[in-house]
$ cat structure.cif   # mmCIF, C-alpha atoms and all ligand atoms
data_work
#
loop_
_atom_site.label_atom_id
_atom_site.label_comp_id
_atom_site.auth_asym_id
_atom_site.auth_seq_id
_atom_site.Cartn_x
_atom_site.Cartn_y
_atom_site.Cartn_z
CA MET B 1 -33.83 -12.82 -19.41
CA THR B 2 -30.99 -15.08 -18.32
CA THR B 3 -27.84 -13.40 -17.01
CA PRO B 4 -25.45 -12.63 -19.86
CA ARG B 5 -22.36 -14.85 -19.87
CA TYR B 6 -20.00 -13.42 -22.49
CA ILE B 7 -19.64 -9.64 -22.57
CA LEU B 8 -17.83 -7.82 -25.34
CA GLY B 9 -16.04 -4.54 -24.55
CA ILE B 10 -14.79 -1.99 -27.07
CA ASP B 11 -12.58 1.04 -26.50
CA THR B 12 -11.54 3.40 -29.29
CA SER B 13 -11.30 6.56 -27.19
CA CYS B 14 -7.79 7.54 -28.23
CA ASP B 15 -5.05 5.76 -30.18
CA ASP B 16 -5.61 2.13 -29.16
CA THR B 17 -8.20 -0.04 -30.87
CA GLY B 18 -9.22 -2.40 -28.06
CA VAL B 19 -11.69 -5.27 -28.05
CA GLY B 20 -12.01 -7.59 -25.04
CA ILE B 21 -14.30 -10.34 -23.88
CA VAL B 22 -15.07 -11.29 -20.29
CA GLU B 23 -17.05 -14.19 -18.91
CA LEU B 24 -19.47 -13.66 -16.07
CA LEU B 25 -19.32 -16.91 -14.10
CA PRO B 26 -22.30 -18.35 -12.16
CA ASN B 27 -20.55 -17.60 -8.83
CA GLY B 28 -20.36 -13.90 -9.73
CA GLU B 29 -16.63 -13.91 -10.57
CA VAL B 30 -15.56 -12.30 -13.84
CA ALA B 31 -12.79 -13.77 -15.99
CA VAL B 32 -11.02 -12.04 -18.87
CA ARG B 33 -11.21 -14.33 -21.93
CA ALA B 34 -9.74 -11.99 -24.54
CA ASN B 35 -7.91 -8.67 -24.69
CA SER B 36 -7.03 -7.77 -28.26
CA ILE B 37 -5.38 -4.40 -28.90
CA TYR B 38 -3.95 -2.60 -31.89
CA SER B 39 -1.75 0.30 -30.72
CA GLN B 40 -1.55 2.84 -33.51
CA VAL B 41 2.01 3.56 -34.55
CA VAL B 42 1.14 6.25 -37.11
CA HIS B 43 1.35 8.95 -34.41
CA THR B 44 4.96 8.25 -33.45
CA GLN B 45 6.32 10.56 -36.16
CA TYR B 46 4.27 13.46 -34.74
CA GLY B 47 5.16 12.93 -31.07
CA GLY B 48 1.47 13.04 -30.12
CA VAL B 49 -1.93 11.71 -31.20
CA MET B 50 -3.42 13.13 -34.42
CA PRO B 51 -7.22 12.83 -33.93
CA GLU B 52 -8.19 12.48 -37.60
CA LEU B 53 -5.61 9.77 -38.20
CA ALA B 54 -6.71 7.97 -35.03
CA SER B 55 -10.32 7.76 -36.28
CA ARG B 56 -9.26 6.42 -39.67
CA GLU B 57 -6.98 3.82 -38.13
CA HIS B 58 -9.78 2.58 -35.85
CA VAL B 59 -12.04 2.14 -38.89
CA GLU B 60 -9.34 0.16 -40.70
CA ARG B 61 -8.38 -2.06 -37.77
CA ILE B 62 -11.46 -2.74 -35.71
CA ASP B 63 -12.62 -5.80 -37.68
CA THR B 64 -9.25 -7.52 -37.32
CA VAL B 65 -9.01 -6.64 -33.62
CA MET B 66 -12.53 -8.05 -33.13
CA ASP B 67 -11.66 -11.28 -35.00
CA LEU B 68 -8.55 -11.72 -32.84
CA ALA B 69 -10.58 -11.24 -29.66
CA LEU B 70 -13.07 -13.92 -30.69
CA GLU B 71 -10.20 -16.21 -31.62
CA GLN B 72 -8.46 -15.65 -28.23
CA ALA B 73 -11.69 -16.45 -26.41
CA GLY B 74 -12.48 -19.42 -28.66
CA LEU B 75 -15.92 -17.98 -29.39
CA MET B 76 -18.12 -17.16 -32.36
CA VAL B 77 -19.83 -13.80 -32.61
CA GLY B 78 -23.17 -15.54 -31.93
CA ASP B 79 -21.90 -16.64 -28.50
CA LEU B 80 -21.84 -13.05 -27.22
CA ASP B 81 -24.55 -12.02 -24.77
CA ALA B 82 -23.98 -8.28 -24.24
CA VAL B 83 -21.94 -5.43 -25.72
CA ALA B 84 -20.25 -2.51 -23.93
CA ALA B 85 -18.44 0.32 -25.69
CA THR B 86 -16.79 3.52 -24.48
CA SER B 87 -18.95 6.57 -25.19
CA GLY B 88 -16.59 9.08 -23.54
CA PRO B 89 -14.56 10.91 -22.57
CA GLY B 90 -12.12 10.84 -25.46
CA LEU B 91 -11.55 12.01 -29.02
CA VAL B 92 -15.06 12.17 -30.47
CA GLY B 93 -14.18 10.95 -33.96
CA ALA B 94 -12.26 8.03 -32.48
CA LEU B 95 -14.97 7.19 -29.93
CA LEU B 96 -17.65 7.11 -32.64
CA VAL B 97 -15.92 4.23 -34.42
CA GLY B 98 -16.09 1.80 -31.49
CA LEU B 99 -19.41 3.12 -30.28
CA MET B 100 -21.13 2.63 -33.65
CA TYR B 101 -19.44 -0.73 -34.14
CA GLY B 102 -20.76 -1.86 -30.75
CA LYS B 103 -24.22 -0.44 -31.31
CA GLY B 104 -24.45 -2.03 -34.76
CA LEU B 105 -23.37 -5.39 -33.41
CA SER B 106 -25.81 -5.26 -30.51
CA GLN B 107 -28.61 -4.24 -32.88
CA ALA B 108 -27.84 -7.02 -35.36
CA LEU B 109 -27.59 -9.68 -32.65
CA SER B 110 -30.40 -8.25 -30.48
CA LEU B 111 -28.07 -7.93 -27.49
CA PRO B 112 -28.24 -5.42 -24.64
CA PHE B 113 -25.86 -2.49 -25.14
CA TYR B 114 -23.98 -0.58 -22.40
CA ALA B 115 -22.48 2.82 -23.21
CA THR B 116 -19.53 2.92 -20.83
CA HIS B 117 -17.51 5.70 -19.20
CA HIS B 118 -13.82 5.35 -20.00
CA LEU B 119 -12.75 6.05 -16.40
CA GLU B 120 -15.14 3.45 -15.03
CA GLY B 121 -13.35 1.05 -17.39
CA HIS B 122 -9.96 2.03 -15.94
CA ILE B 123 -11.26 1.56 -12.39
CA PHE B 124 -12.75 -1.86 -13.17
CA ALA B 125 -9.53 -2.95 -14.87
CA ALA B 126 -8.30 -3.34 -11.28
CA ALA B 127 -11.49 -3.48 -9.24
CA SER B 128 -13.29 -6.37 -10.95
CA ASP B 129 -11.97 -8.81 -8.36
CA SER B 130 -14.96 -9.89 -6.27
CA GLN B 131 -12.69 -9.83 -3.20
CA LEU B 132 -12.44 -6.07 -3.59
CA ALA B 133 -15.56 -4.44 -2.23
CA PRO B 134 -15.92 -0.68 -1.64
CA PRO B 135 -15.03 1.49 0.17
CA TYR B 136 -11.79 2.24 -1.62
CA LEU B 137 -10.02 5.11 -3.31
CA ALA B 138 -9.45 4.97 -7.07
CA LEU B 139 -6.52 6.84 -8.61
CA VAL B 140 -6.74 6.93 -12.41
CA VAL B 141 -3.45 8.09 -13.89
CA SER B 142 -3.17 8.03 -17.66
CA GLY B 143 -2.22 10.14 -20.65
CA GLY B 144 -5.48 12.05 -20.48
CA HIS B 145 -6.52 11.78 -16.84
CA THR B 146 -5.30 12.22 -13.29
CA HIS B 147 -8.34 11.74 -11.09
CA LEU B 148 -8.74 10.64 -7.50
CA PHE B 149 -12.16 9.19 -6.60
CA ASP B 150 -13.64 7.93 -3.40
CA VAL B 151 -15.77 4.85 -4.08
CA ALA B 152 -17.84 4.51 -0.91
CA GLN B 153 -20.50 2.24 -2.46
CA PRO B 154 -20.56 0.27 -5.71
CA GLY B 155 -21.25 2.71 -8.53
CA GLU B 156 -20.83 5.80 -6.33
CA TYR B 157 -17.91 7.91 -7.49
CA ARG B 158 -17.00 11.06 -5.59
CA LEU B 159 -14.28 13.08 -7.26
CA LEU B 160 -11.82 14.17 -4.56
CA GLY B 161 -9.30 15.86 -6.80
CA ALA B 162 -7.83 16.00 -10.28
CA THR B 163 -4.95 17.55 -12.12
CA ARG B 164 -5.08 21.31 -12.41
CA ASP B 165 -3.08 21.24 -15.65
CA ASP B 166 -1.35 18.32 -17.40
CA ALA B 167 -2.28 14.69 -16.81
CA ALA B 168 0.45 12.58 -15.21
CA GLY B 169 1.04 10.49 -18.37
CA GLU B 170 1.06 13.63 -20.50
CA ALA B 171 3.86 14.98 -18.28
CA PHE B 172 5.84 11.74 -18.69
CA ASP B 173 5.36 12.05 -22.46
CA LYS B 174 6.41 15.73 -22.57
CA VAL B 175 9.45 15.29 -20.32
CA ALA B 176 10.55 12.30 -22.41
CA ARG B 177 10.24 14.37 -25.56
CA LEU B 178 12.26 17.31 -24.23
CA ALA B 179 14.92 14.91 -22.92
CA GLY B 180 15.07 13.24 -26.37
CA LEU B 181 13.90 9.88 -24.99
CA GLY B 182 11.13 9.12 -27.51
CA TYR B 183 7.39 8.44 -27.53
CA PRO B 184 5.36 7.17 -25.71
CA GLY B 185 7.23 8.75 -22.88
CA GLY B 186 6.15 6.67 -19.88
CA PRO B 187 8.05 3.50 -20.75
CA ALA B 188 10.97 5.60 -22.11
CA ILE B 189 11.28 7.60 -18.85
CA SER B 190 11.01 4.41 -16.82
CA ALA B 191 13.81 2.71 -18.79
CA ALA B 192 16.10 5.76 -18.72
CA ALA B 193 15.42 6.32 -15.01
CA ALA B 194 16.90 2.91 -14.22
CA GLN B 195 20.29 4.28 -15.37
CA GLY B 196 19.96 7.68 -13.71
CA ASN B 197 20.30 9.37 -10.33
CA PRO B 198 16.89 10.33 -8.82
CA LYS B 199 18.67 13.11 -6.89
CA GLY B 200 20.57 14.33 -9.96
CA VAL B 201 18.08 17.13 -10.72
CA THR B 202 16.28 19.04 -7.97
CA PHE B 203 12.50 19.33 -8.41
CA ARG B 204 10.14 21.01 -5.98
CA GLU B 205 7.15 18.80 -5.21
CA PRO B 206 3.94 20.52 -6.45
CA LEU B 207 1.02 21.76 -4.30
CA LEU B 208 2.67 20.93 -0.98
CA GLY B 209 0.56 23.45 0.95
CA GLN B 210 -2.86 22.55 -0.49
CA THR B 211 -5.75 21.43 1.68
CA GLY B 212 -7.55 19.63 -1.19
CA TYR B 213 -6.52 16.60 -3.23
CA ASP B 214 -5.49 18.09 -6.55
CA PHE B 215 -2.46 17.31 -8.67
CA SER B 216 -0.24 19.46 -10.85
CA PHE B 217 2.44 18.51 -13.35
CA SER B 218 3.04 21.55 -15.55
CA GLY B 219 5.50 23.13 -13.10
CA LEU B 220 7.57 19.94 -13.13
CA LYS B 221 7.52 19.96 -16.92
CA THR B 222 8.84 23.54 -16.99
CA ALA B 223 11.49 22.70 -14.39
CA ALA B 224 12.51 19.71 -16.51
CA LEU B 225 12.83 21.92 -19.57
CA LEU B 226 15.05 24.40 -17.72
CA ALA B 227 17.20 21.58 -16.31
CA SER B 228 17.54 20.04 -19.77
CA ARG B 229 18.64 23.38 -21.25
CA ALA B 230 21.14 23.70 -18.41
CA GLY B 231 22.67 20.39 -19.51
CA ALA B 232 21.14 17.80 -17.17
CA ALA B 233 21.84 14.23 -18.29
CA PRO B 234 18.65 12.64 -19.76
CA ALA B 235 18.88 9.63 -17.43
CA ASP B 236 19.18 11.84 -14.32
CA LEU B 237 16.34 14.02 -15.57
CA ALA B 238 14.18 10.93 -16.12
CA ALA B 239 15.02 9.44 -12.71
CA SER B 240 14.47 12.71 -10.84
CA PHE B 241 11.23 13.57 -12.65
CA GLN B 242 9.85 10.07 -12.11
CA ALA B 243 10.74 10.20 -8.40
CA VAL B 244 9.01 13.55 -7.78
CA ALA B 245 5.95 12.62 -9.89
CA VAL B 246 5.48 9.39 -7.93
CA LYS B 247 6.03 11.18 -4.61
CA HIS B 248 3.38 13.76 -5.51
CA LEU B 249 0.82 11.12 -6.55
CA LEU B 250 1.44 9.10 -3.40
CA ARG B 251 1.39 12.06 -0.98
CA VAL B 252 -2.01 13.34 -2.18
CA THR B 253 -3.50 9.83 -2.24
CA ARG B 254 -2.19 8.96 1.21
CA ARG B 255 -3.52 12.17 2.72
CA ALA B 256 -6.98 11.46 1.23
CA ALA B 257 -6.87 7.89 2.55
CA GLU B 258 -6.00 9.13 6.01
CA SER B 259 -8.68 11.79 6.18
CA LEU B 260 -11.42 9.52 4.78
CA GLY B 261 -10.35 6.44 6.70
CA ARG B 262 -9.69 4.37 3.58
CA SER B 263 -6.96 1.74 3.48
CA VAL B 264 -7.36 0.35 -0.06
CA VAL B 265 -6.48 2.24 -3.23
CA VAL B 266 -7.05 1.03 -6.77
CA VAL B 267 -4.40 2.52 -9.06
CA SER B 268 -5.09 2.25 -12.79
CA GLY B 269 -4.46 3.86 -16.17
CA GLY B 270 -1.31 3.82 -18.28
CA VAL B 271 0.93 5.36 -15.60
CA ALA B 272 -0.05 2.54 -13.20
CA ALA B 273 2.29 0.36 -15.29
CA ASN B 274 5.21 2.37 -13.89
CA SER B 275 7.34 0.14 -11.67
CA ALA B 276 8.65 2.97 -9.44
CA LEU B 277 5.04 4.00 -8.77
CA ARG B 278 4.05 0.41 -7.99
CA GLU B 279 6.95 0.00 -5.58
CA ALA B 280 6.21 3.29 -3.80
CA PHE B 281 2.51 2.48 -3.37
CA ALA B 282 3.27 -1.08 -2.27
CA ALA B 283 5.63 0.25 0.43
CA SER B 284 3.25 3.03 1.52
CA GLY B 285 1.21 1.16 4.09
CA LEU B 286 -1.87 1.42 1.86
CA THR B 287 -3.22 -1.73 0.21
CA ALA B 288 -2.63 -0.85 -3.43
CA VAL B 289 -4.47 -2.82 -6.11
CA PHE B 290 -3.22 -2.66 -9.70
CA PRO B 291 -4.66 -4.01 -12.96
CA ALA B 292 -3.29 -7.28 -14.29
CA ALA B 293 -0.72 -7.13 -17.08
CA GLY B 294 -2.19 -5.73 -20.29
CA LEU B 295 -5.01 -3.92 -18.50
CA ASN B 296 -3.16 -0.73 -17.46
CA THR B 297 -3.19 1.15 -20.71
CA ASP B 298 -6.37 1.57 -22.78
CA ASN B 299 -7.98 -1.74 -23.73
CA GLY B 300 -11.33 -3.33 -24.51
CA ALA B 301 -11.29 -5.87 -21.68
CA MET B 302 -11.60 -3.09 -19.07
CA ILE B 303 -14.75 -1.86 -20.82
CA ALA B 304 -16.12 -5.42 -20.82
CA LEU B 305 -15.28 -5.58 -17.08
CA ALA B 306 -17.17 -2.33 -16.46
CA GLY B 307 -20.06 -3.75 -18.54
CA ALA B 308 -20.04 -6.90 -16.41
CA ALA B 309 -20.14 -4.76 -13.26
CA ALA B 310 -23.11 -2.82 -14.65
CA ILE B 311 -24.91 -6.08 -15.43
CA LYS B 312 -24.13 -7.51 -11.98
CA ALA B 313 -25.45 -4.31 -10.39
CA GLY B 314 -28.68 -4.71 -12.39
CA ARG B 315 -28.23 -1.46 -14.32
CA ALA B 316 -30.54 -0.96 -17.27
CA SER B 317 -28.89 -1.20 -20.69
CA SER B 318 -28.30 2.06 -22.52
CA ASP B 319 -30.44 3.87 -24.96
CA ARG B 320 -28.90 3.22 -28.38
CA ALA B 321 -29.33 6.93 -29.06
CA ASP B 322 -26.52 7.70 -26.58
CA SER B 323 -23.73 9.49 -28.38
CA ALA B 324 -20.01 10.07 -27.99
CA VAL B 325 -18.84 12.84 -25.67
CA ALA B 326 -15.44 14.51 -25.47
CA TYR B 327 -15.78 15.51 -21.81
CA ALA B 328 -18.01 13.79 -19.29
CA PRO B 329 -17.65 13.65 -15.53
CA LEU B 330 -17.89 10.15 -14.04
CA ALA B 331 -21.41 10.30 -12.63
CA ASN B 332 -22.90 8.05 -10.00
CA VAL B 333 -24.81 5.13 -11.43
O1 LIG B 401 -4.42 4.74 -20.14
P1 LIG B 401 -3.65 5.15 -21.33
O2 LIG B 401 -3.31 4.09 -22.35
O3 LIG B 401 -4.38 6.25 -22.16
C1 LIG B 401 -5.19 7.27 -21.70
O4 LIG B 401 -6.39 7.01 -21.38
O5 LIG B 401 -4.66 8.38 -21.62
O6 LIG B 401 -2.32 5.85 -20.80
C2 LIG B 401 -1.28 6.22 -21.64
C3 LIG B 401 -0.26 6.99 -20.83
C4 LIG B 401 0.84 7.63 -21.68
O7 LIG B 401 0.97 8.98 -21.30
C5 LIG B 401 2.08 6.83 -21.32
O8 LIG B 401 3.27 7.57 -21.41
C6 LIG B 401 1.77 6.42 -19.89
O9 LIG B 401 0.38 6.13 -19.90
N1 LIG B 401 2.55 5.24 -19.50
C7 LIG B 401 3.47 5.26 -18.50
C8 LIG B 401 4.06 3.96 -18.50
N2 LIG B 401 3.48 3.21 -19.47
C9 LIG B 401 2.55 4.02 -20.07
N3 LIG B 401 3.84 6.23 -17.66
C10 LIG B 401 4.81 5.95 -16.77
N4 LIG B 401 5.44 4.76 -16.71
C11 LIG B 401 5.11 3.74 -17.53
N5 LIG B 401 5.75 2.57 -17.45
ZN ZN B 402 -7.41 5.64 -20.68
#
$ encode --input "structure.cif" --output "structure tokens" --more "lines below"
Ligand code: KG4
Ligand code: ZN
Amino acid sequence: MTTPRYILGIDTSCDDTGVGIVELLPNGEVAVRANSIYSQVVHTQYGGVMPELASREHVERIDTVMDLALEQAGLMVGDLDAVAATSGPGLVGALLVGLMYGKGLSQALSLPFYATHHLEGHIFAAASDSQLAPPYLALVVSGGHTHLFDVAQPGEYRLLGATRDDAAGEAFDKVARLAGLGYPGGPAISAAAAQGNPKGVTFREPLLGQTGYDFSFSGLKTAALLASRAGAAPADLAASFQAVAVKHLLRVTRRAAESLGRSVVVVSGGVAANSALREAFAASGLTAVFPAAGLNTDNGAMIALAGAAAIKAGRASSDRADSAVAYAPLANV
């Protein structure tokens, strides 16, 4: 079989319907040709994602998102050579929509199908650059995940640490809500923080004495709630919370880099869009690699990038009987 050229990627793991297309070039480089996303707005009124509504919205939107992706890439469906779709972790009802869409398409067009781990997608959103070879650390910070991996070899993921409670993005969302700053909270905190004093509210950095590489955000959330009740200004609360959250993420990552002798860290997931986090990592002495614009939060292109990496590594395509899973550790491949 000739090497696939155009790879379709689908992600419907949460509240974004994402379809992307990448091109695997003869020199081994991978170029993003399309990244079409519909971000569901129906959840805004609830201040969080409603799983049943998310599934229904994916069903209603996926065809349009797919058509837009083909249009962006200037391709017809028959030009596609392989299909990748997220099989987990995520909301099962939501995952099933993109997974079955991808499986159906690959079946109809007789294309190889790659069931893809959502976190591998986040990592490859930043790590697809052929200049970036392991070893490196990968920090995935999103609404559902806060995971630190060591990637010693391609496809080898060793989990060094993870959040013990809330994910980093979840904490941004919850603090934004209690400060009355709106949803999704990450961008709202970031905007409000620009007007606030990062020393205005005192937070104690979590897990300072630990010997491992875990993260914790629920204590900060409680401290934010108490400060808010005591009358802290929302902008100061946002600036101070953002500063301590970034400090915590950087301290744990830097300590892991030092003890493992790593100098490069890939930072991805929705929270990697945060400009204070980007500045802190850029000034840290580590070489921090971030996804390109549009690839931080959930999207289909990152799944296509992970699919391209699987193809380049010569991985076998998936069994079409693979199903959606709510929780799945990122296993070595
Ligand atoms: O990767 P993502 O789209 O979804 C998950 O897989 O969870 O991440 C969404 C999360 C949300 O919690 C959102 O508040 C956060 O990423 N986020 C941010 C920023 N933009 C999005 N957090 C901090 N600063 C931002 N600029
Ligand atoms: Zn995600």
$ closest_residue --input "structure.cif" --among "B:Leu260, B:Val252, B:Ala238, B:Leu225" --to "B:Ala192" --atoms "only C-alpha atoms"
B:Ala238
$ closest_atom_pairs --input "structure.cif" --of "chain B" --to "ligand ZN 402 (chain B)" --cutoff "6 Å" --atoms "all atoms listed in the file" --output "CSV"
residue,atom,partner,partner_atom,distance
B:Ser142,CA,B:ZN402,ZN,5.7
B:Gly269,CA,B:ZN402,ZN,5.7
B:Asp298,CA,B:ZN402,ZN,4.7
$ residues_near_point --input "structure.cif" --point "(-2.0, 1.8, -20.3)" --cutoff "12 Å" --atoms "all atoms listed in the file" --output "PDB file with C-alpha atoms, in the coordinates of the input"
ATOM      1  CA  CYS B  14      -7.790   7.540 -28.230  1.00  0.00           C
ATOM      2  CA  ASP B  15      -5.050   5.760 -30.180  1.00  0.00           C
ATOM      3  CA  ASP B  16      -5.610   2.130 -29.160  1.00  0.00           C
ATOM      4  CA  GLY B  18      -9.220  -2.400 -28.060  1.00  0.00           C
ATOM      5  CA  ILE B  37      -5.380  -4.400 -28.900  1.00  0.00           C
ATOM      6  CA  SER B  39      -1.750   0.300 -30.720  1.00  0.00           C
ATOM      7  CA  GLY B 121     -13.350   1.050 -17.390  1.00  0.00           C
ATOM      8  CA  HIS B 122      -9.960   2.030 -15.940  1.00  0.00           C
ATOM      9  CA  ALA B 125      -9.530  -2.950 -14.870  1.00  0.00           C
ATOM     10  CA  VAL B 140      -6.740   6.930 -12.410  1.00  0.00           C
ATOM     11  CA  VAL B 141      -3.450   8.090 -13.890  1.00  0.00           C
ATOM     12  CA  SER B 142      -3.170   8.030 -17.660  1.00  0.00           C
ATOM     13  CA  GLY B 143      -2.220  10.140 -20.650  1.00  0.00           C
ATOM     14  CA  GLY B 144      -5.480  12.050 -20.480  1.00  0.00           C
ATOM     15  CA  HIS B 145      -6.520  11.780 -16.840  1.00  0.00           C
ATOM     16  CA  GLY B 169       1.040  10.490 -18.370  1.00  0.00           C
ATOM     17  CA  PRO B 184       5.360   7.170 -25.710  1.00  0.00           C
ATOM     18  CA  GLY B 185       7.230   8.750 -22.880  1.00  0.00           C
ATOM     19  CA  GLY B 186       6.150   6.670 -19.880  1.00  0.00           C
ATOM     20  CA  PRO B 187       8.050   3.500 -20.750  1.00  0.00           C
ATOM     21  CA  VAL B 267      -4.400   2.520  -9.060  1.00  0.00           C
ATOM     22  CA  SER B 268      -5.090   2.250 -12.790  1.00  0.00           C
ATOM     23  CA  GLY B 269      -4.460   3.860 -16.170  1.00  0.00           C
ATOM     24  CA  GLY B 270      -1.310   3.820 -18.280  1.00  0.00           C
ATOM     25  CA  VAL B 271       0.930   5.360 -15.600  1.00  0.00           C
ATOM     26  CA  ALA B 272      -0.050   2.540 -13.200  1.00  0.00           C
ATOM     27  CA  ALA B 273       2.290   0.360 -15.290  1.00  0.00           C
ATOM     28  CA  ASN B 274       5.210   2.370 -13.890  1.00  0.00           C
ATOM     29  CA  PHE B 290      -3.220  -2.660  -9.700  1.00  0.00           C
ATOM     30  CA  PRO B 291      -4.660  -4.010 -12.960  1.00  0.00           C
ATOM     31  CA  ALA B 292      -3.290  -7.280 -14.290  1.00  0.00           C
ATOM     32  CA  ALA B 293      -0.720  -7.130 -17.080  1.00  0.00           C
ATOM     33  CA  GLY B 294      -2.190  -5.730 -20.290  1.00  0.00           C
ATOM     34  CA  LEU B 295      -5.010  -3.920 -18.500  1.00  0.00           C
ATOM     35  CA  ASN B 296      -3.160  -0.730 -17.460  1.00  0.00           C
ATOM     36  CA  THR B 297      -3.190   1.150 -20.710  1.00  0.00           C
ATOM     37  CA  ASP B 298      -6.370   1.570 -22.780  1.00  0.00           C
ATOM     38  CA  ASN B 299      -7.980  -1.740 -23.730  1.00  0.00           C
ATOM     39  CA  GLY B 300     -11.330  -3.330 -24.510  1.00  0.00           C
ATOM     40  CA  MET B 302     -11.600  -3.090 -19.070  1.00  0.00           C
TER      41      MET B 302
END
$ residues_around --input "structure.cif" --residues "B:Val83" --least-positions-apart "6" --cutoff "6 Å" --atoms "all atoms listed in the file" --output "list in words"
Ile7, Leu8 and Phe113 of chain B
$ atom_distance --input "structure.cif" --atom1 "atom CA of B:Ala73" --atom2 "atom CA of B:Ser36"
10.0 Å
$ closest_residue --input "structure.cif" --among "B:Leu178, B:Ala288, B:Met76, B:Val42" --to "B:Ile21" --atoms "only C-alpha atoms"
B:Met76
$ closest_residue --input "structure.cif" --among "B:Asp322, B:Asp11, B:Asp81, B:Asp214" --to "ligand LIG 401 (chain B)" --atoms "all atoms listed in the file"
B:Asp11
$ residues_around --input "structure.cif" --residues "B:Lys199" --least-positions-apart "4" --cutoff "12 Å" --atoms "all atoms listed in the file" --output "list in words"
Ala193, Phe203, Arg204, Ala232, Ala233, Ala235, Asp236, Leu237, Ala238, Ala239, Ser240, Phe241, Gln242, Ala243 and Val244 of chain B
$ write_last_selection --input "structure.cif" --atoms "C-alpha atoms" --output "CSV table (one decimal), keeping the file's coordinate frame"
chain,number,residue,atom,x,y,z
B,193,ALA,CA,15.4,6.3,-15.0
B,203,PHE,CA,12.5,19.3,-8.4
B,204,ARG,CA,10.1,21.0,-6.0
B,232,ALA,CA,21.1,17.8,-17.2
B,233,ALA,CA,21.8,14.2,-18.3
B,235,ALA,CA,18.9,9.6,-17.4
B,236,ASP,CA,19.2,11.8,-14.3
B,237,LEU,CA,16.3,14.0,-15.6
B,238,ALA,CA,14.2,10.9,-16.1
B,239,ALA,CA,15.0,9.4,-12.7
B,240,SER,CA,14.5,12.7,-10.8
B,241,PHE,CA,11.2,13.6,-12.6
B,242,GLN,CA,9.8,10.1,-12.1
B,243,ALA,CA,10.7,10.2,-8.4
B,244,VAL,CA,9.0,13.6,-7.8
$ atom_distance --input "structure.cif" --atom1 "atom CA of B:Leu207" --atom2 "atom CA of B:Leu249"
10.9 Å
$ residues_around --input "structure.cif" --residues "B:Lys221" --least-positions-apart "3" --cutoff "10 Å" --atoms "all atoms listed in the file" --output "PyMOL selection string"
chain B and resi 166+170-176+178+203+216-218+224-227+241
$ write_last_selection --input "structure.cif" --atoms "C-alpha atoms" --output "PDB file, in the frame of the given file"
ATOM      1  CA  ASP B 166      -1.350  18.320 -17.400  1.00  0.00           C
ATOM      2  CA  GLU B 170       1.060  13.630 -20.500  1.00  0.00           C
ATOM      3  CA  ALA B 171       3.860  14.980 -18.280  1.00  0.00           C
ATOM      4  CA  PHE B 172       5.840  11.740 -18.690  1.00  0.00           C
ATOM      5  CA  ASP B 173       5.360  12.050 -22.460  1.00  0.00           C
ATOM      6  CA  LYS B 174       6.410  15.730 -22.570  1.00  0.00           C
ATOM      7  CA  VAL B 175       9.450  15.290 -20.320  1.00  0.00           C
ATOM      8  CA  ALA B 176      10.550  12.300 -22.410  1.00  0.00           C
ATOM      9  CA  LEU B 178      12.260  17.310 -24.230  1.00  0.00           C
ATOM     10  CA  PHE B 203      12.500  19.330  -8.410  1.00  0.00           C
ATOM     11  CA  SER B 216      -0.240  19.460 -10.850  1.00  0.00           C
ATOM     12  CA  PHE B 217       2.440  18.510 -13.350  1.00  0.00           C
ATOM     13  CA  SER B 218       3.040  21.550 -15.550  1.00  0.00           C
ATOM     14  CA  ALA B 224      12.510  19.710 -16.510  1.00  0.00           C
ATOM     15  CA  LEU B 225      12.830  21.920 -19.570  1.00  0.00           C
ATOM     16  CA  LEU B 226      15.050  24.400 -17.720  1.00  0.00           C
ATOM     17  CA  ALA B 227      17.200  21.580 -16.310  1.00  0.00           C
ATOM     18  CA  PHE B 241      11.230  13.570 -12.650  1.00  0.00           C
TER      19      PHE B 241
END
$ atom_distance --input "structure.cif" --atom1 "atom CA of B:Leu139" --atom2 "atom CA of B:Thr211"
17.9 Å
$ residues_near_point --input "structure.cif" --point "(-0.5, 4.6, -2.5)" --cutoff "6 Å" --atoms "all atoms listed in the file" --output "JSON, numbers by chain"
{"B": [250, 254, 281, 284, 286, 288]}
$ closest_residue --input "structure.cif" --among "B:Leu208, B:Ala188, B:Leu70, B:Ala313" --to "ligand LIG 401 (chain B)" --atoms "all atoms listed in the file"
B:Ala188
$ closest_residue --input "structure.cif" --among "B:Ala127, B:Ala308, B:Ala82, B:Ala245" --to "B:Val289" --atoms "all atoms listed in the file"
B:Ala127
$ closest_residue --input "structure.cif" --among "B:Ala306, B:Leu119, B:Met50, B:Leu148" --to "ligand LIG 401 (chain B)" --atoms "all atoms listed in the file"
B:Leu119
$ axis_aligned_box --input "structure.cif" --around "ligand LIG 401 (chain B)" --padding-each-side "6 Å" --output "lines of an AutoDock Vina configuration file"
center_x = -0.3
center_y = 5.8
center_z = -19.5
size_x = 24.1
size_y = 18.4
size_z = 17.6
$ residues_around --input "structure.cif" --residues "B:Ala85" --least-positions-apart "5" --cutoff "10 Å" --atoms "all atoms listed in the file" --output "PyMOL selection string"
chain B and resi 8-13+18-19+95-103+113-118+121+300+303-304+306-307
$ residues_around --input "structure.cif" --residues "B:Tyr213" --least-positions-apart "2" --cutoff "9 Å" --atoms "all atoms listed in the file" --output "list of chain:residue names"
B:Leu148, B:Leu160, B:Gly161, B:Ala162, B:Gln210, B:Thr211, B:Phe215, B:Val252, B:Thr253, B:Arg255, B:Ala256
